[in-house]
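With mmCIF, N, CA and C atoms inside, this is data-v7.cif:
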```
data_entry
loop_
_atom_site.label_atom_id
_atom_site.label_comp_id
_atom_site.auth_asym_id
_atom_site.auth_seq_id
_atom_site.Cartn_x
_atom_site.Cartn_y
_atom_site.Cartn_z
N MET A 248 108.91 100.87 118.60
CA MET A 248 109.79 101.75 117.88
C MET A 248 110.53 102.62 118.90
N THR A 249 111.82 102.56 118.87
CA THR A 249 112.65 103.37 119.76
C THR A 249 112.97 104.69 119.07
N LEU A 250 112.68 105.77 119.77
CA LEU A 250 112.91 107.10 119.21
C LEU A 250 113.90 107.85 120.07
N PRO A 251 114.67 108.76 119.45
CA PRO A 251 115.65 109.53 120.22
C PRO A 251 114.96 110.53 121.14
N ASP A 252 115.70 110.96 122.16
CA ASP A 252 115.19 111.99 123.07
C ASP A 252 114.98 113.28 122.30
N LEU A 253 114.00 114.04 122.75
CA LEU A 253 113.73 115.34 122.14
C LEU A 253 114.49 116.43 122.89
N GLN A 254 114.75 117.52 122.20
CA GLN A 254 115.45 118.67 122.75
C GLN A 254 114.45 119.80 122.98
N GLY A 255 114.57 120.48 124.11
CA GLY A 255 113.70 121.61 124.42
C GLY A 255 113.53 121.72 125.92
N SER A 256 112.60 122.55 126.33
CA SER A 256 112.34 122.69 127.77
C SER A 256 111.61 121.44 128.25
N GLU A 257 111.55 121.29 129.56
CA GLU A 257 110.90 120.12 130.14
C GLU A 257 109.43 120.02 129.71
N LYS A 258 108.73 121.15 129.73
CA LYS A 258 107.33 121.17 129.33
C LYS A 258 107.18 120.86 127.84
N GLN A 259 108.04 121.45 127.01
CA GLN A 259 108.00 121.18 125.56
C GLN A 259 108.21 119.70 125.29
N ILE A 260 109.20 119.13 125.95
CA ILE A 260 109.54 117.72 125.72
C ILE A 260 108.37 116.83 126.10
N ALA A 261 107.74 117.10 127.24
CA ALA A 261 106.60 116.28 127.67
C ALA A 261 105.46 116.36 126.66
N TRP A 262 105.14 117.56 126.19
CA TRP A 262 104.05 117.76 125.25
C TRP A 262 104.41 117.12 123.90
N ALA A 263 105.60 117.37 123.42
CA ALA A 263 106.03 116.85 122.12
C ALA A 263 106.11 115.32 122.13
N ASN A 264 106.53 114.73 123.24
CA ASN A 264 106.57 113.26 123.32
C ASN A 264 105.17 112.67 123.16
N ASP A 265 104.16 113.33 123.76
CA ASP A 265 102.77 112.87 123.60
C ASP A 265 102.32 112.99 122.14
N ILE A 266 102.62 114.12 121.52
CA ILE A 266 102.24 114.34 120.12
C ILE A 266 102.89 113.27 119.24
N ARG A 267 104.18 113.07 119.41
CA ARG A 267 104.92 112.11 118.60
C ARG A 267 104.42 110.69 118.83
N ALA A 268 104.22 110.31 120.08
CA ALA A 268 103.75 108.96 120.40
C ALA A 268 102.37 108.70 119.80
N ASN A 269 101.47 109.68 119.90
CA ASN A 269 100.13 109.54 119.31
C ASN A 269 100.21 109.41 117.80
N PHE A 270 101.07 110.20 117.18
CA PHE A 270 101.23 110.13 115.73
C PHE A 270 101.73 108.75 115.30
N VAL A 271 102.76 108.26 115.97
CA VAL A 271 103.33 106.96 115.62
C VAL A 271 102.30 105.85 115.81
N GLU A 272 101.59 105.87 116.94
CA GLU A 272 100.59 104.84 117.21
C GLU A 272 99.48 104.84 116.16
N GLU A 273 98.95 106.02 115.86
CA GLU A 273 97.87 106.13 114.89
C GLU A 273 98.34 105.73 113.48
N THR A 274 99.53 106.15 113.11
CA THR A 274 100.06 105.84 111.78
C THR A 274 100.32 104.34 111.65
N GLN A 275 100.88 103.72 112.67
CA GLN A 275 101.11 102.27 112.62
C GLN A 275 99.79 101.51 112.52
N ARG A 276 98.79 101.95 113.26
CA ARG A 276 97.47 101.31 113.22
C ARG A 276 96.83 101.46 111.82
N ASN A 277 96.86 102.66 111.27
CA ASN A 277 96.28 102.90 109.95
C ASN A 277 97.04 102.15 108.86
N LEU A 278 98.36 102.10 108.99
CA LEU A 278 99.17 101.37 108.01
C LEU A 278 98.83 99.89 108.02
N ALA A 279 98.73 99.32 109.20
CA ALA A 279 98.38 97.89 109.31
C ALA A 279 97.01 97.63 108.71
N ASP A 280 96.07 98.55 108.95
CA ASP A 280 94.73 98.39 108.40
C ASP A 280 94.75 98.48 106.87
N LEU A 281 95.45 99.48 106.33
CA LEU A 281 95.50 99.64 104.88
C LEU A 281 96.14 98.44 104.18
N GLN A 282 97.07 97.78 104.86
CA GLN A 282 97.77 96.65 104.25
C GLN A 282 97.04 95.33 104.45
N SER A 283 95.98 95.33 105.25
CA SER A 283 95.26 94.07 105.50
C SER A 283 94.28 93.79 104.37
N GLU A 284 93.95 92.51 104.22
CA GLU A 284 93.00 92.09 103.18
C GLU A 284 91.62 92.68 103.43
N ASN A 285 91.24 92.84 104.69
CA ASN A 285 89.91 93.33 105.06
C ASN A 285 89.97 94.76 105.57
N SER A 286 90.68 95.61 104.86
CA SER A 286 90.87 96.99 105.28
C SER A 286 89.54 97.70 105.48
N THR A 287 89.41 98.37 106.62
CA THR A 287 88.20 99.15 106.88
C THR A 287 88.16 100.41 106.02
N PHE A 288 89.30 100.76 105.43
CA PHE A 288 89.38 101.96 104.58
C PHE A 288 89.01 101.68 103.12
N LYS A 289 89.02 100.41 102.73
CA LYS A 289 88.86 100.07 101.31
C LYS A 289 87.59 100.67 100.70
N GLU A 290 86.47 100.54 101.38
CA GLU A 290 85.21 101.07 100.86
C GLU A 290 85.27 102.59 100.70
N SER A 291 85.88 103.26 101.66
CA SER A 291 86.00 104.72 101.58
C SER A 291 86.86 105.14 100.40
N TYR A 292 87.96 104.42 100.18
CA TYR A 292 88.83 104.72 99.04
C TYR A 292 88.08 104.46 97.73
N GLU A 293 87.31 103.40 97.67
CA GLU A 293 86.57 103.09 96.44
C GLU A 293 85.52 104.16 96.15
N ARG A 294 84.84 104.65 97.20
CA ARG A 294 83.87 105.73 97.00
C ARG A 294 84.56 107.01 96.55
N ALA A 295 85.68 107.31 97.15
CA ALA A 295 86.36 108.57 96.86
C ALA A 295 87.11 108.55 95.53
N TYR A 296 87.74 107.41 95.20
CA TYR A 296 88.65 107.38 94.05
C TYR A 296 88.21 106.45 92.93
N GLY A 297 87.13 105.71 93.13
CA GLY A 297 86.65 104.81 92.08
C GLY A 297 87.71 103.81 91.65
N SER A 298 87.97 103.75 90.36
CA SER A 298 88.92 102.77 89.83
C SER A 298 90.36 103.07 90.23
N TYR A 299 90.60 104.23 90.83
CA TYR A 299 91.96 104.59 91.27
C TYR A 299 92.18 104.33 92.76
N ALA A 300 91.26 103.61 93.40
CA ALA A 300 91.35 103.36 94.84
C ALA A 300 92.64 102.65 95.21
N ASP A 301 93.01 101.60 94.48
CA ASP A 301 94.23 100.85 94.82
C ASP A 301 95.48 101.72 94.70
N VAL A 302 95.54 102.54 93.67
CA VAL A 302 96.70 103.42 93.47
C VAL A 302 96.82 104.40 94.63
N ASN A 303 95.69 104.96 95.04
CA ASN A 303 95.71 105.93 96.14
C ASN A 303 95.99 105.27 97.48
N MET A 304 95.49 104.06 97.68
CA MET A 304 95.81 103.33 98.91
C MET A 304 97.30 103.04 98.97
N GLN A 305 97.88 102.62 97.85
CA GLN A 305 99.31 102.32 97.82
C GLN A 305 100.14 103.58 98.05
N ARG A 306 99.69 104.70 97.51
CA ARG A 306 100.38 105.98 97.75
C ARG A 306 100.39 106.32 99.24
N ASP A 307 99.24 106.13 99.89
CA ASP A 307 99.15 106.44 101.30
C ASP A 307 99.98 105.47 102.15
N VAL A 308 100.03 104.20 101.75
CA VAL A 308 100.88 103.23 102.45
C VAL A 308 102.34 103.68 102.36
N THR A 309 102.76 104.07 101.17
CA THR A 309 104.14 104.54 100.98
C THR A 309 104.42 105.77 101.83
N ASP A 310 103.48 106.72 101.85
CA ASP A 310 103.66 107.92 102.66
C ASP A 310 103.78 107.59 104.15
N MET A 311 102.95 106.67 104.63
CA MET A 311 102.99 106.30 106.04
C MET A 311 104.30 105.60 106.39
N LYS A 312 104.76 104.72 105.52
CA LYS A 312 106.04 104.04 105.75
C LYS A 312 107.18 105.05 105.78
N ALA A 313 107.16 105.99 104.85
CA ALA A 313 108.21 107.02 104.80
C ALA A 313 108.16 107.89 106.06
N ALA A 314 106.97 108.28 106.49
CA ALA A 314 106.84 109.11 107.68
C ALA A 314 107.39 108.38 108.91
N LEU A 315 107.04 107.12 109.03
CA LEU A 315 107.53 106.35 110.19
C LEU A 315 109.04 106.17 110.14
N SER A 316 109.60 106.16 108.94
CA SER A 316 111.05 105.98 108.85
C SER A 316 111.83 107.25 109.19
N VAL A 317 111.19 108.41 109.09
CA VAL A 317 111.90 109.67 109.39
C VAL A 317 111.44 110.32 110.69
N VAL A 318 110.45 109.76 111.36
CA VAL A 318 109.91 110.38 112.57
C VAL A 318 111.00 110.60 113.62
N GLY A 319 111.97 109.72 113.68
CA GLY A 319 113.06 109.86 114.64
C GLY A 319 114.07 110.94 114.30
N ASN A 320 114.00 111.46 113.08
CA ASN A 320 114.92 112.52 112.66
C ASN A 320 114.50 113.89 113.17
N VAL A 321 113.26 114.01 113.63
CA VAL A 321 112.76 115.28 114.16
C VAL A 321 112.98 115.25 115.67
N THR A 322 114.04 115.91 116.11
CA THR A 322 114.42 115.82 117.52
C THR A 322 114.18 117.10 118.32
N GLU A 323 113.68 118.13 117.66
CA GLU A 323 113.36 119.37 118.37
C GLU A 323 111.89 119.32 118.81
N ALA A 324 111.67 119.44 120.10
CA ALA A 324 110.31 119.39 120.64
C ALA A 324 109.42 120.45 119.99
N ARG A 325 109.97 121.63 119.75
CA ARG A 325 109.16 122.71 119.16
C ARG A 325 108.65 122.36 117.77
N ASP A 326 109.39 121.54 117.01
CA ASP A 326 108.92 121.13 115.68
C ASP A 326 107.66 120.27 115.80
N TRP A 327 107.63 119.38 116.78
CA TRP A 327 106.45 118.55 117.00
C TRP A 327 105.28 119.39 117.49
N ILE A 328 105.57 120.36 118.34
CA ILE A 328 104.51 121.24 118.85
C ILE A 328 103.96 122.11 117.73
N ASP A 329 104.85 122.71 116.93
CA ASP A 329 104.40 123.54 115.82
C ASP A 329 103.60 122.73 114.79
N GLY A 330 103.96 121.48 114.61
CA GLY A 330 103.28 120.63 113.63
C GLY A 330 102.20 119.75 114.21
N ARG A 331 101.77 120.03 115.43
CA ARG A 331 100.84 119.14 116.14
C ARG A 331 99.50 118.93 115.45
N ARG A 332 99.04 119.91 114.70
CA ARG A 332 97.74 119.77 114.02
C ARG A 332 97.84 118.83 112.82
N SER A 333 99.02 118.72 112.25
CA SER A 333 99.22 117.82 111.11
C SER A 333 100.68 117.35 111.08
N PRO A 334 101.01 116.40 111.95
CA PRO A 334 102.38 115.90 111.95
C PRO A 334 102.78 115.29 110.61
N MET A 335 101.83 114.67 109.91
CA MET A 335 102.15 114.08 108.60
C MET A 335 102.58 115.18 107.64
N LYS A 336 101.89 116.29 107.63
CA LYS A 336 102.27 117.40 106.74
C LYS A 336 103.66 117.92 107.10
N MET A 337 103.93 118.04 108.41
CA MET A 337 105.24 118.50 108.86
C MET A 337 106.33 117.56 108.35
N LEU A 338 106.07 116.26 108.43
CA LEU A 338 107.07 115.28 108.00
C LEU A 338 107.23 115.24 106.49
N THR A 339 106.13 115.39 105.75
CA THR A 339 106.22 115.30 104.28
C THR A 339 106.97 116.47 103.67
N GLN A 340 107.13 117.55 104.42
CA GLN A 340 107.85 118.72 103.91
C GLN A 340 109.36 118.64 104.14
N ARG A 341 109.80 117.56 104.76
CA ARG A 341 111.23 117.38 105.05
C ARG A 341 111.93 116.71 103.86
N PRO A 342 113.16 117.11 103.56
CA PRO A 342 113.90 116.47 102.46
C PRO A 342 114.14 114.97 102.70
N ASP A 343 114.33 114.57 103.96
CA ASP A 343 114.57 113.15 104.23
C ASP A 343 113.32 112.31 103.98
N PHE A 344 112.14 112.93 104.04
CA PHE A 344 110.89 112.22 103.72
C PHE A 344 110.88 111.84 102.25
N ALA A 345 111.22 112.78 101.39
CA ALA A 345 111.24 112.51 99.94
C ALA A 345 112.22 111.39 99.62
N LEU A 346 113.36 111.39 100.26
CA LEU A 346 114.35 110.34 100.05
C LEU A 346 113.84 109.00 100.55
N ALA A 347 113.23 108.98 101.71
CA ALA A 347 112.67 107.73 102.26
C ALA A 347 111.57 107.19 101.35
N LYS A 348 110.75 108.07 100.85
CA LYS A 348 109.65 107.65 99.96
C LYS A 348 110.21 107.04 98.67
N GLU A 349 111.22 107.66 98.14
CA GLU A 349 111.84 107.13 96.91
C GLU A 349 112.46 105.76 97.17
N ASN A 350 113.12 105.59 98.30
CA ASN A 350 113.70 104.30 98.64
C ASN A 350 112.64 103.22 98.80
N ILE A 351 111.52 103.56 99.41
CA ILE A 351 110.42 102.61 99.58
C ILE A 351 109.86 102.22 98.23
N ARG A 352 109.66 103.18 97.35
CA ARG A 352 109.15 102.88 96.00
C ARG A 352 110.09 101.98 95.23
N ARG A 353 111.38 102.23 95.40
CA ARG A 353 112.38 101.47 94.66
C ARG A 353 112.38 99.99 95.04
N ILE A 354 112.16 99.71 96.32
CA ILE A 354 112.21 98.31 96.76
C ILE A 354 110.85 97.62 96.77
N ALA A 355 109.76 98.39 96.61
CA ALA A 355 108.41 97.80 96.62
C ALA A 355 108.18 96.99 95.35
N PRO A 356 107.55 95.81 95.51
CA PRO A 356 107.22 95.02 94.31
C PRO A 356 106.17 95.76 93.48
N LYS A 357 106.33 95.70 92.19
CA LYS A 357 105.39 96.36 91.29
C LYS A 357 104.15 95.50 91.14
N LYS A 358 102.98 96.12 91.30
CA LYS A 358 101.72 95.42 91.10
C LYS A 358 101.31 95.56 89.65
N LYS A 359 100.78 94.48 89.12
CA LYS A 359 100.26 94.55 87.76
C LYS A 359 98.92 95.26 87.80
N SER A 360 98.67 96.04 86.78
CA SER A 360 97.43 96.78 86.69
C SER A 360 96.27 95.81 86.50
N SER A 361 95.17 96.07 87.22
CA SER A 361 94.02 95.19 87.11
C SER A 361 93.16 95.55 85.89
N SER A 362 93.38 96.71 85.31
CA SER A 362 92.60 97.10 84.15
C SER A 362 93.19 96.47 82.89
N LYS A 363 92.29 96.03 82.03
CA LYS A 363 92.74 95.41 80.78
C LYS A 363 93.14 96.50 79.80
N LYS A 364 94.25 96.28 79.13
CA LYS A 364 94.64 97.26 78.13
C LYS A 364 93.87 96.95 76.85
N LYS A 365 93.66 97.97 76.10
CA LYS A 365 92.95 97.85 74.84
C LYS A 365 93.84 97.11 73.85
N PRO A 366 93.30 96.08 73.17
CA PRO A 366 94.13 95.34 72.22
C PRO A 366 94.50 96.20 71.02
N SER A 367 95.69 95.95 70.49
CA SER A 367 96.11 96.67 69.29
C SER A 367 95.34 96.12 68.09
N ILE A 368 95.39 96.83 66.99
CA ILE A 368 94.72 96.38 65.78
C ILE A 368 95.28 95.04 65.34
N LEU A 369 96.59 94.88 65.42
CA LEU A 369 97.21 93.61 65.05
C LEU A 369 96.71 92.47 65.94
N GLU A 370 96.63 92.70 67.24
CA GLU A 370 96.13 91.68 68.16
C GLU A 370 94.69 91.30 67.83
N MET A 371 93.87 92.31 67.47
CA MET A 371 92.47 92.04 67.13
C MET A 371 92.39 91.22 65.84
N LEU A 372 93.20 91.56 64.86
CA LEU A 372 93.20 90.81 63.60
C LEU A 372 93.65 89.37 63.81
N LEU A 373 94.68 89.19 64.62
CA LEU A 373 95.21 87.85 64.86
C LEU A 373 94.24 87.00 65.68
N SER A 374 93.44 87.63 66.54
CA SER A 374 92.52 86.86 67.36
C SER A 374 91.18 86.63 66.67
N GLY A 375 90.97 87.25 65.51
CA GLY A 375 89.75 87.04 64.74
C GLY A 375 88.61 87.96 65.10
N HIS A 376 88.86 89.03 65.85
CA HIS A 376 87.78 89.97 66.22
C HIS A 376 87.51 90.93 65.14
#
```
Give the structure from this file in structure tokens form.
Amino acid sequence: MTLPDLQGSEKQIAWANDIRANFVEETQRNLADLQSENSTFKESYERAYGSYADVNMQRDVTDMKAALSVVGNVTEARDWIDGRRSPMKMLTQRPDFALAKENIRRIAPKKKSSSKKKPSILEMLLSGH
């Protein structure tokens, strides 16, 4: 991923480049893991969210994709330094993040729900239940 140069003092730029590079590397690694069939996160999501694990995993995938798409828009070294404890939080508060997230949702294929819907009374009568 090619990113634009950062603006700031020499020391700020060096520090912010490390913060940004670490964030991008970790986010790309976690995104790849979440999207794999054998995700190491799957069990944790199932424990934490139960039947909503897939929905929450998909939400986090969308957030990571959106963050990676706007990471290059933050060109001030001080923004990366100020947000160093939680770069994802810093990025999610940006208006361009919300737009990127909406665009990702719009083009993502819709998954069918794995839960069975309750049959209507008419469906039950017609099926003989």
(request) Fewer than 2 positions away in the same chain doesn't count, so skip those; otherwise give me all residues within 9 Å of range 269-275 of chain A, counting only C-alpha atoms, as a list of chain:residue names. (result) A:Met248, A:Asn264, A:Asp265, A:Ile266, A:Arg267, A:Asn277, A:Leu278, A:Ala279, A:Asp280, A:Met311, A:Lys312, A:Ala314, A:Leu315, A:Val318, A:Pro334, A:Met335
Matched chain/residue IDs from the PyMOL selection byres ((chain A and resi 251-260) around 6), as a compact mmCIF listing (two decimals) with N, CA and C atoms, in the frame of the given file:
```txt
# COMPACT_ATOMS: atom_id res chain seq x y z
N THR A 249 111.82 102.56 118.87
CA THR A 249 112.65 103.37 119.76
C THR A 249 112.97 104.69 119.07
N LEU A 250 112.68 105.77 119.77
CA LEU A 250 112.91 107.10 119.21
C LEU A 250 113.90 107.85 120.07
N ALA A 261 107.74 117.10 127.24
CA ALA A 261 106.60 116.28 127.67
C ALA A 261 105.46 116.36 126.66
N TRP A 262 105.14 117.56 126.19
CA TRP A 262 104.05 117.76 125.25
C TRP A 262 104.41 117.12 123.90
N ALA A 263 105.60 117.37 123.42
CA ALA A 263 106.03 116.85 122.12
C ALA A 263 106.11 115.32 122.13
N ASN A 264 106.53 114.73 123.24
CA ASN A 264 106.57 113.26 123.32
C ASN A 264 105.17 112.67 123.16
N ASP A 265 104.16 113.33 123.76
CA ASP A 265 102.77 112.87 123.60
C ASP A 265 102.32 112.99 122.14
N GLY A 319 111.97 109.72 113.68
CA GLY A 319 113.06 109.86 114.64
C GLY A 319 114.07 110.94 114.30
N THR A 322 114.04 115.91 116.11
CA THR A 322 114.42 115.82 117.52
C THR A 322 114.18 117.10 118.32
N GLU A 323 113.68 118.13 117.66
CA GLU A 323 113.36 119.37 118.37
C GLU A 323 111.89 119.32 118.81
N ALA A 324 111.67 119.44 120.10
CA ALA A 324 110.31 119.39 120.64
C ALA A 324 109.42 120.45 119.99
N ARG A 325 109.97 121.63 119.75
CA ARG A 325 109.16 122.71 119.16
C ARG A 325 108.65 122.36 117.77
```
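Computed from the coordinates, the CA of Lys289 in chain A to CA of Asp343 in chain A distance equals 29.0 Å.
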(request) Would you please work out which residue, of A:Leu281, A:Leu338, A:Ala355, A:Leu346, is nearest to Met304 in chain A when using all atoms listed in the file? (result)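 Of the candidates, the smallest distance to Met304 in chain A is held by A:Leu281.
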(message) Could you tell me how far CA of Lys348 in chain A sits from CA of Ala313 in chain A, in Å to one decimal place?
(response) 5.1 Å
(request) Any chance you could list, as a VMD selection string, the residues in chain A that come up helix (DSSP H, G or I) when DSSP is run on the backbone? (result) chain A and resid 257 to 282 289 to 320 324 to 329 334 to 339 342 to 354 368 to 374
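Atom N of Thr287 in chain A lies 12.9 Å from CA of Ala300 in chain A.
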Box time for range 256-271 of chain A: axis-aligned, enclosing all its listed atoms, 8 Å extra on each side; report centre and edge lengths in Å to one decimal, as AutoDock Vina command-line options.
```
--center_x 106.4 --center_y 114.3 --center_z 122.7 --size_x 28.5 --size_y 32.8 --size_z 30.8
```
Output requested as a JSON list (two decimals), keeping the file's coordinate frame - range 330-341 of chain A, filled out with all heavy atoms.
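Final file, part.json:
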```json
[["chain", "number", "residue", "atom", "x", "y", "z"],
["A", 330, "GLY", "N", 103.96, 121.48, 114.61],
["A", 330, "GLY", "CA", 103.28, 120.63, 113.63],
["A", 330, "GLY", "C", 102.20, 119.75, 114.21],
["A", 330, "GLY", "O", 101.73, 118.81, 113.56],
["A", 331, "ARG", "N", 101.77, 120.03, 115.43],
["A", 331, "ARG", "CA", 100.84, 119.14, 116.14],
["A", 331, "ARG", "C", 99.50, 118.93, 115.45],
["A", 331, "ARG", "O", 98.89, 117.89, 115.57],
["A", 331, "ARG", "CB", 100.62, 119.63, 117.57],
["A", 331, "ARG", "CG", 99.83, 120.91, 117.67],
["A", 331, "ARG", "CD", 99.80, 121.44, 119.12],
["A", 331, "ARG", "NE", 99.14, 122.72, 119.22],
["A", 331, "ARG", "CZ", 99.73, 123.89, 118.98],
["A", 331, "ARG", "NH1", 100.99, 123.93, 118.62],
["A", 331, "ARG", "NH2", 99.06, 125.02, 119.12],
["A", 332, "ARG", "N", 99.04, 119.91, 114.70],
["A", 332, "ARG", "CA", 97.74, 119.77, 114.02],
["A", 332, "ARG", "C", 97.84, 118.83, 112.82],
["A", 332, "ARG", "O", 96.84, 118.23, 112.42],
["A", 332, "ARG", "CB", 97.21, 121.13, 113.63],
["A", 332, "ARG", "CG", 96.69, 121.89, 114.82],
["A", 332, "ARG", "CD", 95.93, 123.14, 114.41],
["A", 332, "ARG", "NE", 95.28, 123.79, 115.53],
["A", 332, "ARG", "CZ", 95.88, 124.44, 116.50],
["A", 332, "ARG", "NH1", 97.19, 124.51, 116.54],
["A", 332, "ARG", "NH2", 95.20, 125.03, 117.47],
["A", 333, "SER", "N", 99.02, 118.72, 112.25],
["A", 333, "SER", "CA", 99.22, 117.82, 111.11],
["A", 333, "SER", "C", 100.68, 117.35, 111.08],
["A", 333, "SER", "O", 101.47, 117.82, 110.26],
["A", 333, "SER", "CB", 98.86, 118.52, 109.80],
["A", 333, "SER", "OG", 99.02, 117.62, 108.73],
["A", 334, "PRO", "N", 101.01, 116.40, 111.95],
["A", 334, "PRO", "CA", 102.38, 115.90, 111.95],
["A", 334, "PRO", "C", 102.78, 115.29, 110.61],
["A", 334, "PRO", "O", 103.93, 115.42, 110.19],
["A", 334, "PRO", "CB", 102.37, 114.84, 113.05],
["A", 334, "PRO", "CG", 101.22, 115.18, 113.93],
["A", 334, "PRO", "CD", 100.21, 115.82, 113.03],
["A", 335, "MET", "N", 101.83, 114.67, 109.91],
["A", 335, "MET", "CA", 102.15, 114.08, 108.60],
["A", 335, "MET", "C", 102.58, 115.18, 107.64],
["A", 335, "MET", "O", 103.57, 115.02, 106.91],
["A", 335, "MET", "CB", 100.96, 113.30, 108.04],
["A", 335, "MET", "CG", 101.25, 112.66, 106.70],
["A", 335, "MET", "SD", 102.57, 111.43, 106.76],
["A", 335, "MET", "CE", 101.61, 109.96, 106.76],
["A", 336, "LYS", "N", 101.89, 116.29, 107.63],
["A", 336, "LYS", "CA", 102.27, 117.40, 106.74],
["A", 336, "LYS", "C", 103.66, 117.92, 107.10],
["A", 336, "LYS", "O", 104.47, 118.19, 106.23],
["A", 336, "LYS", "CB", 101.24, 118.52, 106.84],
["A", 336, "LYS", "CG", 101.52, 119.68, 105.92],
["A", 336, "LYS", "CD", 100.43, 120.73, 106.00],
["A", 336, "LYS", "CE", 100.73, 121.87, 105.06],
["A", 336, "LYS", "NZ", 99.72, 122.92, 105.16],
["A", 337, "MET", "N", 103.93, 118.04, 108.41],
["A", 337, "MET", "CA", 105.24, 118.50, 108.86],
["A", 337, "MET", "C", 106.33, 117.56, 108.35],
["A", 337, "MET", "O", 107.36, 117.99, 107.85],
["A", 337, "MET", "CB", 105.25, 118.57, 110.40],
["A", 337, "MET", "CG", 106.53, 119.08, 111.02],
["A", 337, "MET", "SD", 107.60, 117.82, 111.77],
["A", 337, "MET", "CE", 106.57, 117.00, 112.93],
["A", 338, "LEU", "N", 106.07, 116.26, 108.43],
["A", 338, "LEU", "CA", 107.07, 115.28, 108.00],
["A", 338, "LEU", "C", 107.23, 115.24, 106.49],
["A", 338, "LEU", "O", 108.34, 115.09, 105.99],
["A", 338, "LEU", "CB", 106.71, 113.89, 108.53],
["A", 338, "LEU", "CG", 106.82, 113.72, 110.04],
["A", 338, "LEU", "CD1", 106.20, 112.39, 110.47],
["A", 338, "LEU", "CD2", 108.26, 113.81, 110.51],
["A", 339, "THR", "N", 106.13, 115.39, 105.75],
["A", 339, "THR", "CA", 106.22, 115.30, 104.28],
["A", 339, "THR", "C", 106.97, 116.47, 103.67],
["A", 339, "THR", "O", 107.42, 116.40, 102.54],
["A", 339, "THR", "CB", 104.83, 115.21, 103.62],
["A", 339, "THR", "OG1", 104.07, 116.37, 103.93],
["A", 339, "THR", "CG2", 104.09, 113.95, 104.05],
["A", 340, "GLN", "N", 107.13, 117.55, 104.42],
["A", 340, "GLN", "CA", 107.85, 118.72, 103.91],
["A", 340, "GLN", "C", 109.36, 118.64, 104.14],
["A", 340, "GLN", "O", 110.09, 119.51, 103.71],
["A", 340, "GLN", "CB", 107.28, 119.99, 104.54],
["A", 340, "GLN", "CG", 105.86, 120.24, 104.11],
["A", 340, "GLN", "CD", 105.21, 121.39, 104.85],
["A", 340, "GLN", "OE1", 105.71, 121.89, 105.86],
["A", 340, "GLN", "NE2", 104.07, 121.83, 104.35],
["A", 341, "ARG", "N", 109.80, 117.56, 104.76],
["A", 341, "ARG", "CA", 111.23, 117.38, 105.05],
["A", 341, "ARG", "C", 111.93, 116.71, 103.86],
["A", 341, "ARG", "O", 111.37, 115.81, 103.24],
["A", 341, "ARG", "CB", 111.40, 116.52, 106.30],
["A", 341, "ARG", "CG", 110.84, 117.16, 107.56],
["A", 341, "ARG", "CD", 110.97, 116.23, 108.75],
["A", 341, "ARG", "NE", 112.31, 115.70, 108.90],
["A", 341, "ARG", "CZ", 113.31, 116.32, 109.52],
["A", 341, "ARG", "NH1", 113.10, 117.48, 110.07],
["A", 341, "ARG", "NH2", 114.50, 115.76, 109.61]]
```
